>>> print(open('protein.txt').read())   # compact mmCIF, C-alpha atoms
# COMPACT_ATOMS: atom_id res chain seq x y z
CA MET A 20 126.69 112.61 118.79
CA PHE A 21 129.46 111.63 116.46
CA TYR A 22 129.93 111.28 112.72
CA SER A 23 131.35 108.22 111.06
CA SER A 24 132.08 108.66 107.36
CA GLN A 25 132.89 104.94 107.14
CA HIS A 26 129.35 104.05 108.24
CA PHE A 27 127.72 106.47 105.79
CA ASN A 28 129.96 105.20 103.00
CA GLY A 29 128.72 101.70 103.79
CA VAL A 30 125.10 102.85 103.55
CA LYS A 31 125.86 104.67 100.29
CA ASN A 32 127.49 101.54 98.88
CA ILE A 33 124.42 99.46 99.75
CA VAL A 34 122.15 101.85 97.86
CA LYS A 35 124.56 101.95 94.90
CA LEU A 36 124.62 98.16 94.75
CA GLN A 37 120.84 97.98 94.93
CA LEU A 38 120.60 100.55 92.15
CA LEU A 39 123.09 98.58 90.06
CA PHE A 40 121.14 95.33 90.53
CA GLY A 41 117.89 97.08 89.66
CA CYS A 42 119.39 98.62 86.51
CA ILE A 43 120.72 95.22 85.43
CA CYS A 44 117.20 93.81 85.78
CA ILE A 45 115.77 96.68 83.74
CA ILE A 46 118.36 96.12 81.00
CA PHE A 47 117.49 92.43 81.05
CA ALA A 48 113.79 93.34 80.76
CA ILE A 49 114.54 95.62 77.79
CA PHE A 50 116.12 92.72 75.91
CA MET A 51 113.67 90.03 76.99
CA SER A 52 110.34 91.86 77.03
CA LYS A 53 108.18 92.01 73.95
CA ASN A 54 106.33 95.11 75.13
CA ALA A 55 106.74 98.15 77.34
CA ASN A 56 104.79 96.58 80.23
CA GLY A 57 107.69 94.33 81.18
CA ILE A 58 110.15 97.20 81.14
CA LEU A 59 107.87 99.50 83.12
CA SER A 60 107.11 96.71 85.58
CA ALA A 61 110.83 96.09 86.10
CA PHE A 62 111.39 99.80 86.63
CA LEU A 63 108.57 99.92 89.17
CA GLY A 64 110.07 96.89 90.94
CA MET A 65 113.33 98.79 91.37
CA ILE A 66 111.50 101.90 92.59
CA LEU A 67 109.45 99.81 95.05
CA ALA A 68 112.69 98.50 96.53
CA LEU A 69 114.64 101.77 96.60
CA VAL A 70 112.08 104.28 97.90
CA PRO A 71 111.45 102.54 101.26
CA THR A 72 115.18 101.96 101.66
CA LEU A 73 115.90 105.66 101.12
CA ALA A 74 113.09 106.58 103.53
CA TYR A 75 114.61 104.26 106.16
CA ILE A 76 118.00 105.93 105.70
CA LYS A 77 116.46 109.40 105.95
CA ILE A 78 114.76 108.60 109.27
CA ALA A 79 117.40 106.37 110.87
CA PHE A 80 120.30 108.73 110.13
CA ALA A 81 118.40 112.03 110.28
CA LYS A 82 120.81 113.84 112.59
CA GLY A 83 123.92 111.73 112.20
CA LEU A 84 124.95 108.82 114.34
CA VAL A 85 124.37 108.82 118.07
CA ASN A 86 125.97 107.10 120.99
CA TYR A 87 122.79 106.24 122.89
CA PRO A 88 121.13 102.85 122.32
CA SER A 89 117.66 104.15 123.20
CA VAL A 90 117.87 106.82 120.48
CA ILE A 91 119.19 104.32 117.95
CA LEU A 92 116.37 101.88 118.76
CA ALA A 93 113.70 104.60 118.59
CA ARG A 94 114.95 105.77 115.20
CA HIS A 95 115.15 102.20 113.94
CA LYS A 96 111.57 101.45 115.02
CA LYS A 97 110.26 104.63 113.41
CA ALA A 98 112.22 104.01 110.20
CA MET A 99 111.11 100.37 109.96
CA LEU A 100 107.46 101.32 110.47
CA LEU A 101 107.71 103.95 107.74
CA LYS A 102 109.47 101.46 105.46
CA PHE A 103 106.72 98.88 106.01
CA ILE A 104 103.94 101.41 105.40
CA LEU A 105 105.65 102.71 102.26
CA ASN A 106 106.11 99.18 100.92
CA PHE A 107 102.46 98.39 101.51
CA ALA A 108 101.24 101.69 100.03
CA LEU A 109 103.47 101.56 96.96
CA PHE A 110 102.57 97.97 96.15
CA ALA A 111 98.87 98.82 96.64
CA LEU A 112 99.21 101.75 94.24
CA VAL A 113 100.82 99.54 91.61
CA PHE A 114 98.19 96.81 92.00
CA ILE A 115 95.30 99.30 91.87
CA PHE A 116 96.44 101.64 89.10
CA TYR A 117 98.64 99.50 86.84
CA LYS A 118 96.37 96.72 85.67
CA LYS A 119 98.65 95.50 82.86
CA CYS A 120 101.61 94.98 85.17
CA ASN A 121 103.98 92.11 84.43
CA TYR A 122 104.15 90.72 87.96
CA PHE A 123 107.06 88.43 87.18
CA ALA A 124 109.19 91.44 86.12
CA LEU A 125 107.92 93.51 89.06
CA PHE A 126 108.63 90.95 91.78
CA GLY A 127 111.78 89.64 90.10
CA THR A 128 113.33 93.10 89.93
CA TYR A 129 112.11 93.91 93.44
CA ILE A 130 113.73 90.79 94.90
CA VAL A 131 116.98 91.17 92.96
CA THR A 132 117.21 94.86 93.92
CA LEU A 133 116.66 94.05 97.60
CA SER A 134 119.30 91.32 97.39
CA GLY A 135 121.85 94.09 96.88
CA TYR A 136 121.66 94.65 100.64
CA TRP A 137 122.59 91.05 101.44
CA VAL A 138 125.32 90.93 98.81
CA SER A 139 126.85 94.09 100.25
CA LEU A 140 127.03 92.40 103.67
CA ILE A 141 128.80 89.39 102.16
CA LYS A 142 131.25 91.63 100.29
CA LYS A 143 132.62 93.07 103.53
>>> encode(input="protein.txt", output="structure tokens")
Amino acid sequence: MFYSSQHFNGVKNIVKLQLLFGCICIIFAIFMSKNANGILSAFLGMILALVPTLAYIKIAFAKGLVNYPSVILARHKKAMLLKFILNFALFALVFIFYKKCNYFALFGTYIVTLSGYWVSLIKK
């Protein structure tokens, strides 16, 4: 096993950029929304994007970086499965329990927050 602070800084920067994009969407929702549903929906969109990402990071980098491809692949598979299940479960919870959700704000913020990952790749 080895540790690469450069790699973990890259992961941290991705999450920071996603958080920044999500906060910008929430601020936009504060100014554009006529009620609290739009703001709460935007906030939930950011949470729906960040929680599975953080869960992926927790599983994939649980014990630092490794040098063995089989271990990397196993962690990646486990982390992606957890991320998929979390996405499904969190969206289901929102759809079931938050009936007055502004779906445009929810999905808009979710998509913009997730785009932080792709923008961070372009920035490099």
>>> atom_distance(input="protein.txt", atom1="atom CA of A:Val70", atom2="atom CA of A:Ala48")
20.4 Å
>>> axis_aligned_box(input="protein.txt", around="stretch 94-106 of chain A", padding_each_side="8 Å", output="JSON")
{"center_x": 109.5, "center_y": 102.3, "center_z": 108.1, "size_x": 27.2, "size_y": 22.9, "size_z": 30.3}
>>> residues_near_point(input="protein.txt", point="(113.8, 100.6, 89.5)", cutoff="9 Å", atoms="all atoms listed in the file", output="list in words")
Leu38, Gly41, Cys42, Cys44, Ile45, Leu59, Ser60, Ala61, Phe62, Leu63, Gly64, Met65, Ile66, Leu67, Ala68, Leu69, Thr128, Tyr129 and Thr132 of chain A
>>> atom_distance(input="protein.txt", atom1="atom CA of A:Phe40", atom2="atom CA of A:Ile58")
14.6 Å
>>> atom_distance(input="protein.txt", atom1="atom CA of A:Ser139", atom2="atom CA of A:Tyr87")
26.0 Å
